[in-house]
>>> print(open('final-v3.csv').read())   # CSV, C-alpha atoms
chain,number,residue,atom,x,y,z
R,265,MET,CA,12.6,-1.7,-3.2
R,266,ASP,CA,12.4,0.3,-0.1
R,267,GLU,CA,11.9,-1.5,3.1
R,268,PHE,CA,10.2,-0.1,6.1
R,269,ASN,CA,10.5,-0.9,9.7
R,270,SER,CA,7.2,-2.3,11.0
R,271,SER,CA,7.7,-0.9,14.5
R,272,LYS,CA,6.8,2.6,13.4
R,273,PRO,CA,4.1,4.0,11.0
R,274,ILE,CA,5.3,4.2,7.4
R,275,TYR,CA,4.0,7.8,7.1
R,276,LEU,CA,6.3,8.9,9.9
R,277,GLN,CA,9.3,7.0,8.5
R,278,LEU,CA,8.7,8.8,5.2
R,279,ALA,CA,8.4,12.1,7.0
R,280,ASP,CA,11.7,11.4,8.6
R,281,ARG,CA,13.3,10.7,5.2
R,282,ILE,CA,12.0,13.9,3.7
R,283,ASN,CA,13.2,15.9,6.7
R,284,ARG,CA,16.7,14.4,6.2
R,285,LEU,CA,16.6,15.4,2.5
R,286,ILE,CA,15.7,18.9,3.5
R,287,VAL,CA,18.4,19.2,6.1
R,288,SER,CA,21.1,17.8,3.7
R,289,LYS,CA,19.7,20.3,1.1
R,290,GLU,CA,19.0,17.6,-1.4
R,291,LEU,CA,15.6,19.2,-1.2
R,292,LYS,CA,16.0,23.0,-1.1
R,293,ALA,CA,13.9,25.8,0.4
R,294,GLY,CA,11.0,26.4,-2.0
R,295,GLN,CA,11.6,23.3,-4.0
R,296,LYS,CA,8.5,21.4,-5.3
R,297,LEU,CA,8.1,17.8,-4.1
R,298,GLN,CA,6.9,15.0,-6.3
R,299,SER,CA,3.2,14.6,-6.5
R,300,VAL,CA,1.5,12.2,-4.1
R,301,ARG,CA,1.2,9.5,-6.8
R,302,GLU,CA,4.8,9.9,-8.0
R,303,MET,CA,6.1,9.7,-4.5
R,304,ALA,CA,3.9,6.6,-3.8
R,305,LEU,CA,5.4,5.0,-6.8
R,306,SER,CA,9.0,5.8,-5.9
R,307,TYR,CA,8.5,4.3,-2.4
R,308,ASN,CA,5.9,1.6,-3.4
R,309,VAL,CA,3.5,2.7,-0.8
R,310,ASN,CA,-0.2,3.6,-0.7
R,311,PRO,CA,-0.9,7.1,-2.0
R,312,ASN,CA,-3.0,7.7,1.2
R,313,THR,CA,0.2,7.2,3.2
R,314,ILE,CA,2.0,9.8,1.2
R,315,GLN,CA,-0.9,12.2,1.6
R,316,ARG,CA,-0.7,11.6,5.4
R,317,THR,CA,3.1,12.3,5.3
R,318,TYR,CA,2.6,15.5,3.4
R,319,SER,CA,-0.2,16.6,5.8
R,320,GLU,CA,2.0,15.9,8.8
R,321,LEU,CA,4.9,17.9,7.4
R,322,GLU,CA,2.6,20.7,6.5
R,323,ARG,CA,1.2,20.7,10.0
R,324,GLU,CA,4.8,21.0,11.3
R,325,GLY,CA,5.4,23.9,8.9
R,326,VAL,CA,8.1,22.1,6.9
R,327,LEU,CA,6.0,21.9,3.8
R,328,GLU,CA,3.5,24.3,2.2
R,329,THR,CA,0.8,23.0,0.0
R,330,ARG,CA,-0.4,25.4,-2.7
R,331,ARG,CA,-3.8,24.6,-4.1
R,332,GLY,CA,-3.6,23.0,-7.5
R,333,GLN,CA,0.2,23.3,-7.6
R,334,GLY,CA,1.5,20.7,-5.1
R,335,SER,CA,3.7,20.7,-2.1
R,336,PHE,CA,6.8,22.8,-1.6
R,337,VAL,CA,9.6,22.9,1.0
R,338,THR,CA,8.9,26.0,3.2
R,339,GLU,CA,11.0,29.1,2.4
R,340,GLN,CA,10.8,30.2,6.0
R,341,GLU,CA,14.5,30.2,7.0
R,342,GLU,CA,13.7,30.1,10.7
R,343,ARG,CA,11.7,26.9,10.4
R,344,LEU,CA,14.5,25.2,8.4
R,345,ILE,CA,17.1,26.1,11.0
R,346,GLN,CA,14.8,24.7,13.7
R,347,LEU,CA,14.4,21.5,11.7
R,348,ARG,CA,18.1,21.2,11.3
R,349,GLY,CA,18.5,21.5,15.1
R,350,LYS,CA,15.8,19.1,15.8
R,351,MET,CA,17.2,16.4,13.5
R,352,LYS,CA,20.6,16.8,15.0
R,353,GLU,CA,19.2,16.5,18.5
R,354,GLU,CA,17.2,13.4,17.7
R,355,GLN,CA,20.2,11.7,16.1
R,356,ILE,CA,22.5,12.5,19.1
R,357,GLU,CA,19.8,11.3,21.5
R,358,THR,CA,19.6,7.9,19.8
R,359,PHE,CA,23.4,7.6,19.8
R,360,VAL,CA,23.8,8.6,23.4
R,361,GLN,CA,21.1,6.3,24.5
R,362,VAL,CA,22.8,3.3,22.9
R,363,MET,CA,26.2,4.3,24.3
R,364,ARG,CA,24.6,4.7,27.8
R,365,GLU,CA,22.9,1.3,27.6
R,366,MET,CA,26.3,-0.2,26.9
R,367,GLY,CA,27.7,1.6,30.0
R,368,PHE,CA,29.9,4.3,28.4
R,369,SER,CA,30.5,7.4,30.5
R,370,SER,CA,30.0,11.0,29.2
R,371,ASP,CA,33.8,11.4,29.1
R,372,GLU,CA,34.3,8.2,27.1
R,373,ILE,CA,31.5,9.2,24.7
R,374,VAL,CA,33.0,12.7,24.1
R,375,SER,CA,36.6,11.6,23.8
R,376,GLY,CA,35.6,8.6,21.5
R,377,LEU,CA,33.6,10.9,19.3
R,378,ARG,CA,36.4,13.4,19.1
R,379,ASP,CA,39.0,10.8,18.2
R,380,HIS,CA,36.7,9.4,15.6
R,381,LEU,CA,36.1,12.8,14.0
R,382,LEU,CA,39.8,13.6,14.0
R,383,LYS,CA,40.5,10.3,12.3
R,384,MET,CA,37.8,11.0,9.7
R,385,ASN,CA,39.1,14.6,9.1
R,386,LYS,CA,42.6,13.5,8.3
R,387,GLY,CA,43.1,14.2,4.6
R,388,ASP,CA,40.0,16.4,4.6
R,389,GLU,CA,41.4,19.9,5.4
R,390,SER,CA,38.2,21.6,4.5
R,391,VAL,CA,36.5,20.3,7.6
R,392,ASP,CA,36.8,22.5,10.7
R,393,ARG,CA,39.3,21.2,13.2
R,394,ILE,CA,38.0,20.1,16.5
R,395,ASP,CA,39.9,21.7,19.3
C,86,MET,CA,-19.7,1.9,1.1
C,87,ILE,CA,-19.6,-1.9,1.3
C,88,GLU,CA,-21.4,-3.3,4.3
C,89,LEU,CA,-21.6,-6.9,5.6
C,90,THR,CA,-24.0,-7.4,8.5
C,91,ASN,CA,-24.0,-10.6,10.5
C,92,VAL,CA,-23.1,-12.6,7.4
C,93,SER,CA,-22.9,-16.4,7.5
C,94,LYS,CA,-22.5,-18.9,4.7
C,95,THR,CA,-23.0,-22.6,5.0
C,96,TYR,CA,-22.4,-25.2,2.3
C,97,LYS,CA,-24.3,-28.5,3.0
C,98,LYS,CA,-24.4,-27.8,6.7
C,99,ARG,CA,-20.7,-26.9,6.8
C,100,SER,CA,-20.1,-23.4,8.0
C,101,VAL,CA,-17.7,-21.4,5.8
C,102,ILE,CA,-18.4,-17.9,7.0
C,103,ALA,CA,-19.6,-17.4,10.6
C,104,ASN,CA,-21.4,-14.1,11.5
C,105,ILE,CA,-19.1,-11.6,10.0
C,106,SER,CA,-19.8,-7.8,10.0
C,107,PHE,CA,-17.7,-5.0,8.7
C,108,THR,CA,-17.8,-1.9,6.5
C,109,VAL,CA,-15.4,-0.6,3.9
C,110,PRO,CA,-15.6,3.0,2.7
C,111,LEU,CA,-14.4,4.5,-0.6
C,112,GLY,CA,-10.8,5.5,-1.1
C,113,LYS,CA,-9.0,2.6,0.5
C,114,ILE,CA,-6.9,-0.4,-0.3
C,115,ILE,CA,-7.9,-3.3,1.9
C,116,GLY,CA,-6.3,-6.7,2.3
C,117,ILE,CA,-8.1,-9.8,3.4
C,118,VAL,CA,-5.7,-12.3,4.9
C,119,GLY,CA,-5.9,-15.7,6.4
C,120,GLU,CA,-5.0,-19.3,5.8
C,121,ASN,CA,-6.1,-21.3,2.8
C,122,GLY,CA,-9.7,-22.3,3.1
C,123,SER,CA,-10.5,-19.7,5.7
C,124,GLY,CA,-13.2,-18.1,3.7
C,125,LYS,CA,-11.5,-15.1,2.1
C,126,SER,CA,-12.6,-15.9,-1.5
C,127,THR,CA,-16.2,-16.6,-0.3
C,128,ILE,CA,-16.3,-13.1,1.2
C,129,LEU,CA,-15.2,-11.5,-2.1
C,130,LYS,CA,-17.7,-13.5,-4.1
C,131,MET,CA,-20.5,-12.4,-1.8
C,132,ILE,CA,-19.5,-8.8,-2.2
C,133,ALA,CA,-19.4,-9.3,-6.0
C,134,GLY,CA,-22.9,-10.8,-5.9
C,135,LEU,CA,-21.7,-14.2,-7.2
C,136,LEU,CA,-22.7,-16.0,-4.0
C,137,GLN,CA,-25.5,-15.2,-1.6
C,138,PRO,CA,-25.1,-15.3,2.2
C,139,THR,CA,-27.1,-18.0,4.0
C,140,THR,CA,-28.0,-15.4,6.6
C,141,GLY,CA,-27.2,-11.7,7.0
C,142,THR,CA,-26.9,-9.0,4.3
C,143,VAL,CA,-24.2,-7.7,2.0
C,144,THR,CA,-24.8,-4.3,0.5
C,145,VAL,CA,-22.8,-2.2,-1.9
C,146,ASN,CA,-23.8,1.5,-2.0
C,147,GLY,CA,-26.9,0.5,-0.1
C,148,GLU,CA,-28.0,-2.1,-2.7
C,149,ASN,CA,-28.2,-5.8,-2.0
C,150,ALA,CA,-25.3,-7.6,-3.7
C,151,HIS,CA,-26.9,-9.7,-6.4
C,152,ARG,CA,-25.5,-10.5,-9.8
C,153,ARG,CA,-26.4,-7.0,-11.1
C,154,ILE,CA,-24.1,-5.4,-8.5
C,155,SER,CA,-21.4,-5.9,-11.1
C,156,LYS,CA,-22.3,-2.4,-12.3
C,157,HIS,CA,-20.6,-1.1,-9.1
C,158,VAL,CA,-18.0,-3.8,-8.7
C,159,SER,CA,-15.1,-5.1,-10.8
C,160,TYR,CA,-14.1,-8.6,-9.8
C,161,LEU,CA,-10.9,-10.5,-10.6
C,162,SER,CA,-11.2,-14.2,-10.1
C,163,ASP,CA,-8.4,-16.4,-8.8
C,164,ARG,CA,-9.0,-18.6,-11.9
C,165,ASP,CA,-8.3,-17.8,-15.5
C,166,SER,CA,-11.5,-17.1,-17.4
C,167,PHE,CA,-10.3,-16.0,-20.8
C,168,TYR,CA,-11.2,-17.4,-24.2
C,169,PRO,CA,-7.8,-18.8,-25.3
C,170,PHE,CA,-8.3,-18.0,-28.9
C,171,PHE,CA,-8.5,-14.2,-28.2
C,172,THR,CA,-5.6,-12.0,-28.6
C,173,VAL,CA,-4.8,-9.6,-25.7
C,174,ARG,CA,-6.5,-6.8,-27.6
C,175,GLU,CA,-9.5,-8.9,-28.3
C,176,ALA,CA,-9.8,-9.8,-24.7
C,177,ILE,CA,-9.8,-6.2,-23.8
C,178,ALA,CA,-12.4,-5.4,-26.5
C,179,TYR,CA,-14.6,-8.2,-25.2
C,180,GLN,CA,-14.4,-6.8,-21.6
C,181,ALA,CA,-15.3,-3.4,-23.0
C,182,SER,CA,-18.4,-4.9,-24.7
C,183,GLN,CA,-19.5,-6.5,-21.4
C,184,PHE,CA,-19.1,-3.4,-19.2
C,185,SER,CA,-20.3,0.0,-20.4
C,186,ASP,CA,-18.0,1.6,-17.7
C,187,PHE,CA,-14.9,0.0,-19.2
C,188,ASN,CA,-12.3,2.6,-20.1
C,189,LEU,CA,-10.5,1.5,-23.2
C,190,ALA,CA,-8.0,4.3,-23.2
C,191,LYS,CA,-7.0,3.4,-19.6
C,192,ALA,CA,-6.8,-0.2,-20.6
C,193,GLU,CA,-4.4,0.6,-23.4
C,194,GLU,CA,-2.3,2.6,-21.0
C,195,ILE,CA,-2.1,-0.1,-18.4
C,196,MET,CA,-1.4,-2.7,-21.1
C,197,ALA,CA,1.6,-0.6,-22.3
C,198,TYR,CA,2.7,-0.1,-18.7
C,199,MET,CA,2.6,-3.9,-18.1
C,200,ALA,CA,4.5,-4.4,-21.3
C,201,LEU,CA,1.8,-6.7,-22.8
C,202,ASP,CA,1.9,-7.4,-26.5
C,203,PRO,CA,-1.6,-6.7,-27.8
C,204,ASP,CA,-1.4,-9.1,-30.7
C,205,LYS,CA,-0.4,-12.1,-28.7
C,206,LYS,CA,-2.9,-14.9,-28.4
C,207,ILE,CA,-3.9,-15.7,-24.8
C,208,SER,CA,-3.1,-19.4,-25.3
C,209,ALA,CA,0.5,-18.3,-26.0
C,210,LEU,CA,0.8,-16.0,-22.9
C,211,SER,CA,3.0,-17.0,-19.9
C,212,LYS,CA,1.3,-17.3,-16.6
C,213,GLY,CA,2.9,-14.0,-15.6
C,214,ASN,CA,1.4,-12.2,-18.6
C,215,ARG,CA,-2.0,-13.8,-18.0
C,216,GLY,CA,-1.8,-12.4,-14.5
C,217,ARG,CA,-1.0,-8.9,-15.9
C,218,LEU,CA,-3.9,-9.1,-18.4
C,219,LYS,CA,-6.3,-9.9,-15.6
C,220,ILE,CA,-5.1,-6.7,-13.8
C,221,VAL,CA,-5.7,-4.7,-17.0
C,222,LEU,CA,-9.2,-6.0,-17.4
C,223,THR,CA,-10.1,-5.4,-13.7
C,224,LEU,CA,-8.4,-2.1,-13.2
C,225,ALA,CA,-9.6,-0.4,-16.4
C,226,ARG,CA,-13.3,-0.3,-15.3
C,227,ASN,CA,-14.6,3.0,-13.9
C,228,VAL,CA,-16.4,1.5,-10.9
C,229,PRO,CA,-16.2,2.4,-7.2
C,230,TYR,CA,-15.2,-1.1,-6.0
C,231,LEU,CA,-12.5,-3.4,-7.3
C,232,LEU,CA,-12.2,-6.9,-5.8
C,233,MET,CA,-9.2,-9.0,-6.6
C,234,ASP,CA,-8.9,-12.6,-5.5
C,235,GLU,CA,-5.2,-13.6,-5.2
C,236,PRO,CA,-3.9,-11.2,-7.9
C,237,LEU,CA,-0.3,-12.1,-7.0
C,238,SER,CA,-0.6,-15.8,-6.4
C,239,GLY,CA,1.9,-18.0,-8.3
C,240,LEU,CA,3.6,-15.1,-10.1
C,241,ASP,CA,7.3,-14.4,-10.1
C,242,PRO,CA,8.6,-11.4,-8.0
C,243,MET,CA,9.1,-9.2,-11.1
C,244,VAL,CA,5.4,-9.6,-12.1
C,245,ARG,CA,4.2,-9.2,-8.6
C,246,HIS,CA,6.2,-6.0,-8.4
C,247,ALA,CA,4.8,-4.7,-11.7
C,248,ILE,CA,1.3,-5.5,-10.5
C,249,VAL,CA,1.7,-3.6,-7.2
C,250,LYS,CA,3.1,-0.6,-9.1
C,251,GLY,CA,0.1,-0.9,-11.5
C,252,MET,CA,-2.3,-0.7,-8.6
C,253,ILE,CA,-0.6,2.4,-7.2
C,254,SER,CA,-0.5,4.0,-10.6
C,255,TYR,CA,-4.0,3.3,-11.9
C,256,LEU,CA,-6.3,3.0,-8.9
C,257,ASP,CA,-8.0,6.3,-8.3
C,258,LEU,CA,-8.3,6.6,-4.5
C,259,GLU,CA,-10.5,9.7,-4.8
C,260,THR,CA,-13.3,7.5,-6.2
C,261,GLN,CA,-12.3,3.9,-5.8
C,262,THR,CA,-11.6,1.2,-3.2
C,263,LEU,CA,-9.7,-2.0,-3.8
C,264,ILE,CA,-10.2,-5.1,-1.7
C,265,MET,CA,-7.8,-8.0,-2.4
C,266,THR,CA,-7.0,-11.4,-0.8
C,267,SER,CA,-3.4,-12.4,-0.7
C,268,HIS,CA,-0.8,-14.6,0.9
C,269,GLU,CA,2.0,-12.3,-0.3
C,270,ILE,CA,1.6,-10.1,2.7
C,271,SER,CA,5.0,-8.5,2.8
C,272,GLU,CA,4.4,-7.3,-0.7
C,273,ILE,CA,1.0,-5.8,-0.2
C,274,GLU,CA,1.4,-4.5,3.3
C,275,PRO,CA,3.0,-1.1,2.3
C,276,ILE,CA,0.0,-0.4,0.0
C,277,LEU,CA,-2.7,-1.4,2.4
C,278,ASP,CA,-4.8,1.1,4.4
C,279,SER,CA,-6.3,-1.7,6.5
C,280,PHE,CA,-6.5,-5.4,6.7
C,281,ILE,CA,-9.2,-7.9,7.6
C,282,ALA,CA,-7.9,-11.1,9.1
C,283,ILE,CA,-10.1,-14.2,8.8
C,284,LYS,CA,-9.7,-17.5,10.6
C,285,ASP,CA,-12.1,-20.5,10.1
C,286,GLY,CA,-14.7,-18.2,8.6
C,287,ALA,CA,-14.7,-15.8,11.5
C,288,LEU,CA,-13.3,-12.3,11.6
C,289,VAL,CA,-10.2,-12.1,13.9
C,290,ARG,CA,-9.4,-8.5,13.4
C,291,LYS,CA,-10.0,-5.5,11.1
C,292,THR,CA,-7.6,-2.6,11.7
C,293,GLU,CA,-5.5,0.0,10.0
C,294,VAL,CA,-2.0,-1.3,9.2
C,295,GLU,CA,-0.4,1.9,10.5
C,296,HIS,CA,-2.3,1.4,13.7
C,297,LEU,CA,-0.8,-2.1,14.1
C,298,HIS,CA,2.7,-0.6,13.5
C,299,GLU,CA,2.1,2.1,16.0
C,300,SER,CA,0.3,0.3,18.8
C,301,GLU,CA,2.0,-3.1,18.7
C,302,GLY,CA,5.2,-2.5,16.7
C,303,LEU,CA,4.3,-5.4,14.5
C,304,GLY,CA,3.9,-6.1,10.8
C,305,ILE,CA,0.9,-8.1,9.6
C,306,THR,CA,2.8,-11.4,9.3
C,307,ASP,CA,4.3,-11.2,12.8
C,308,TRP,CA,0.9,-10.3,14.2
C,309,MET,CA,-0.6,-13.3,12.4
C,310,LYS,CA,2.0,-15.6,13.7
C,311,LYS,CA,1.0,-14.6,17.2
C,312,ALA,CA,-2.8,-14.4,16.7
C,313,TYR,CA,-3.2,-17.6,14.7
C,314,LEU,CA,-1.2,-19.8,16.9
C,315,GLU,CA,-3.2,-19.1,20.0
>>> encode(input="final-v3.csv", output="structure tokens")
Amino acid sequence: MDEFNSSKPIYLQLADRINRLIVSKELKAGQKLQSVREMALSYNVNPNTIQRTYSELEREGVLETRRGQGSFVTEQEERLIQLRGKMKEEQIETFVQVMREMGFSSDEIVSGLRDHLLKMNKGDESVDRID
Amino acid sequence: MIELTNVSKTYKKRSVIANISFTVPLGKIIGIVGENGSGKSTILKMIAGLLQPTTGTVTVNGENAHRRISKHVSYLSDRDSFYPFFTVREAIAYQASQFSDFNLAKAEEIMAYMALDPDKKISALSKGNRGRLKIVLTLARNVPYLLMDEPLSGLDPMVRHAIVKGMISYLDLETQTLIMTSHEISEIEPILDSFIAIKDGALVRKTEVEHLHESEGLGITDWMKKAYLE
């Protein structure tokens, strides 16, 4: 069963999960999402919560709701690129905040990250080298 | 809409409910939470028209909640009230004979979803399956208000999970509201719109669950630990 963090509204946590699926292209541009009831069942939450998640994502231009047909990932390329940038920014912000709280300097963070990526990339030639 | 206005209930001079007022609109799932003996069941019974308030009023769709309010309200008791010699299918047929709004096709669907054997005698059902059957009988009525008193109590985690799924699947939030009492708070919290917290017969708080998450960063259980220990 899916667990949610009680420090943040469930509808926003779900919006975040959907955004990640879109950025990772598990949900593709123009793809239809599950109906509100199906989604409520897969996450075991109130259908009203899913409705709120969909409305929020629609308001942000990530989803489009077509009457009587359901909700779809937007096909507006620009909006999807924006979303990708925003998700990246948010993730980095969280990471940097935690590192700063522990007292790491910018140089330490950058060099640590570079080393980590280099280690990860060994044996994975397809990934771009970091200078 | 369900509306309680300054409702109190006393049994032989002992106060059970003390001046409670709240409203519940259509299209919601509401949990009533609180310690044993705090008055949760009494509130449900008053909305179902099975008990009358000592003072104050309880209305459902503007009508005073007397016995005949059952035409708007489907009520699940915390006790078993089946004839043990019925089979599952006979219990369903009996319920259909009692309530003209009972939807037999929906009952069959929920029964299959809950993996209940229609030919099994009620006397031979496990506690978990009796719990499932109660859900079928309550959820298959086409009424605006469903009240469930401890629908998950004493059932194993698998059955509780199946019942929560059944609620999500078969409750029609365009036209129905569900109010339930429960101590299984972590299990019902993700499907609640709002909760009503009762302590010693008084209303402690009524709020949206998402509001509690957002404003205080707390789940219902953590909030209760704080609020009830004061």
>>> interface_residues(input="final-v3.csv", of="chain R", to="chain C", cutoff="9 Å", atoms="only C-alpha atoms", output="JSON, numbers by chain")
{"R": [267, 268, 269, 270, 271, 272, 273, 274, 275, 301, 302, 304, 305, 308, 309, 310, 311, 312, 313]}
>>> atom_distance(input="final-v3.csv", atom1="atom CA of C:Phe171", atom2="atom CA of C:His151")
28.9 Å
>>> atom_distance(input="final-v3.csv", atom1="atom CA of R:Ala279", atom2="atom CA of R:Thr317")
5.6 Å
>>> residues_around(input="final-v3.csv", residues="stretch 128-136 of chain C", least_positions_apart="6", cutoff="8 Å", atoms="all atoms listed in the file", output="list in words")
Ile87, Ile102, Val143, Thr144, Val145, Ala150, His151, Arg152, Arg153, Ile154, Ser155, Val158, Ser159, Tyr160, Leu232, Met233 and Asp234 of chain C
>>> write_last_selection(input="final-v3.csv", atoms="C-alpha atoms", output="mmCIF file, in the coordinates of the input")
data_model
loop_
_atom_site.group_PDB
_atom_site.id
_atom_site.type_symbol
_atom_site.label_atom_id
_atom_site.label_comp_id
_atom_site.auth_asym_id
_atom_site.auth_seq_id
_atom_site.Cartn_x
_atom_site.Cartn_y
_atom_site.Cartn_z
ATOM 1 C CA ILE C 87 -19.600 -1.900 1.300
ATOM 2 C CA ILE C 102 -18.400 -17.900 7.000
ATOM 3 C CA VAL C 143 -24.200 -7.700 2.000
ATOM 4 C CA THR C 144 -24.800 -4.300 0.500
ATOM 5 C CA VAL C 145 -22.800 -2.200 -1.900
ATOM 6 C CA ALA C 150 -25.300 -7.600 -3.700
ATOM 7 C CA HIS C 151 -26.900 -9.700 -6.400
ATOM 8 C CA ARG C 152 -25.500 -10.500 -9.800
ATOM 9 C CA ARG C 153 -26.400 -7.000 -11.100
ATOM 10 C CA ILE C 154 -24.100 -5.400 -8.500
ATOM 11 C CA SER C 155 -21.400 -5.900 -11.100
ATOM 12 C CA VAL C 158 -18.000 -3.800 -8.700
ATOM 13 C CA SER C 159 -15.100 -5.100 -10.800
ATOM 14 C CA TYR C 160 -14.100 -8.600 -9.800
ATOM 15 C CA LEU C 232 -12.200 -6.900 -5.800
ATOM 16 C CA MET C 233 -9.200 -9.000 -6.600
ATOM 17 C CA ASP C 234 -8.900 -12.600 -5.500
#
>>> residues_around(input="final-v3.csv", residues="R:Gly294", least_positions_apart="3", cutoff="12 Å", atoms="all atoms listed in the file", output="NGL selection string")
:R and (286 or 289-291 or 297 or 326-330 or 334-341 or 344)
>>> residues_near_point(input="final-v3.csv", point="(-10.2, -20.0, 8.8)", cutoff="7 Å", atoms="all atoms listed in the file", output="VMD selection string")
chain C and resid 119 to 120 122 to 124 283 to 287
>>> residues_around(input="final-v3.csv", residues="R:Phe359", least_positions_apart="4", cutoff="12 Å", atoms="all atoms listed in the file", output="MDAnalysis selection string")
chainID R and resid 352:355 363:366 368 370 373:374 377
>>> build_atoms(input="final-v3.csv", residues="stretch 231-244 of chain C", atoms="N, CA, C and O atoms", output="tab-separated table (two decimals), in the frame of the given file")
chain	number	residue	atom	x	y	z
C	231	LEU	N	-13.27	-2.38	-6.57
C	231	LEU	CA	-12.50	-3.40	-7.30
C	231	LEU	C	-12.20	-4.52	-6.30
C	231	LEU	O	-11.71	-4.25	-5.20
C	232	LEU	N	-12.48	-5.74	-6.71
C	232	LEU	CA	-12.20	-6.90	-5.80
C	232	LEU	C	-11.23	-7.79	-6.58
C	232	LEU	O	-11.47	-8.13	-7.73
C	233	MET	N	-10.14	-8.16	-5.95
C	233	MET	CA	-9.20	-9.00	-6.60
C	233	MET	C	-8.86	-10.23	-5.71
C	233	MET	O	-8.37	-10.07	-4.60
C	234	ASP	N	-9.15	-11.41	-6.25
C	234	ASP	CA	-8.90	-12.60	-5.50
C	234	ASP	C	-7.53	-13.18	-5.87
C	234	ASP	O	-7.33	-13.62	-6.99
C	235	GLU	N	-6.59	-13.10	-4.96
C	235	GLU	CA	-5.20	-13.60	-5.20
C	235	GLU	C	-4.58	-13.07	-6.46
C	235	GLU	O	-4.13	-13.87	-7.28
C	236	PRO	N	-4.49	-11.75	-6.62
C	236	PRO	CA	-3.90	-11.20	-7.90
C	236	PRO	C	-2.43	-11.52	-8.03
C	236	PRO	O	-1.92	-11.43	-9.14
C	237	LEU	N	-1.73	-11.86	-6.94
C	237	LEU	CA	-0.30	-12.10	-7.00
C	237	LEU	C	0.12	-13.54	-6.95
C	237	LEU	O	1.29	-13.88	-7.11
C	238	SER	N	-0.87	-14.38	-6.73
C	238	SER	CA	-0.60	-15.80	-6.40
C	238	SER	C	0.10	-16.51	-7.59
C	238	SER	O	-0.36	-16.43	-8.73
C	239	GLY	N	1.18	-17.20	-7.29
C	239	GLY	CA	1.90	-18.00	-8.30
C	239	GLY	C	2.64	-17.26	-9.34
C	239	GLY	O	3.08	-17.82	-10.33
C	240	LEU	N	2.82	-15.95	-9.12
C	240	LEU	CA	3.60	-15.10	-10.10
C	240	LEU	C	4.96	-14.86	-9.59
C	240	LEU	O	5.19	-14.81	-8.38
C	241	ASP	N	5.89	-14.63	-10.52
C	241	ASP	CA	7.30	-14.40	-10.10
C	241	ASP	C	7.41	-12.99	-9.49
C	241	ASP	O	6.55	-12.13	-9.70
C	242	PRO	N	8.48	-12.73	-8.76
C	242	PRO	CA	8.60	-11.40	-8.00
C	242	PRO	C	8.57	-10.22	-8.96
C	242	PRO	O	8.02	-9.19	-8.57
C	243	MET	N	9.10	-10.34	-10.18
C	243	MET	CA	9.10	-9.20	-11.10
C	243	MET	C	7.63	-8.84	-11.47
C	243	MET	O	7.25	-7.68	-11.51
C	244	VAL	N	6.84	-9.88	-11.76
C	244	VAL	CA	5.40	-9.60	-12.10
C	244	VAL	C	4.66	-9.09	-10.95
C	244	VAL	O	3.89	-8.15	-11.08
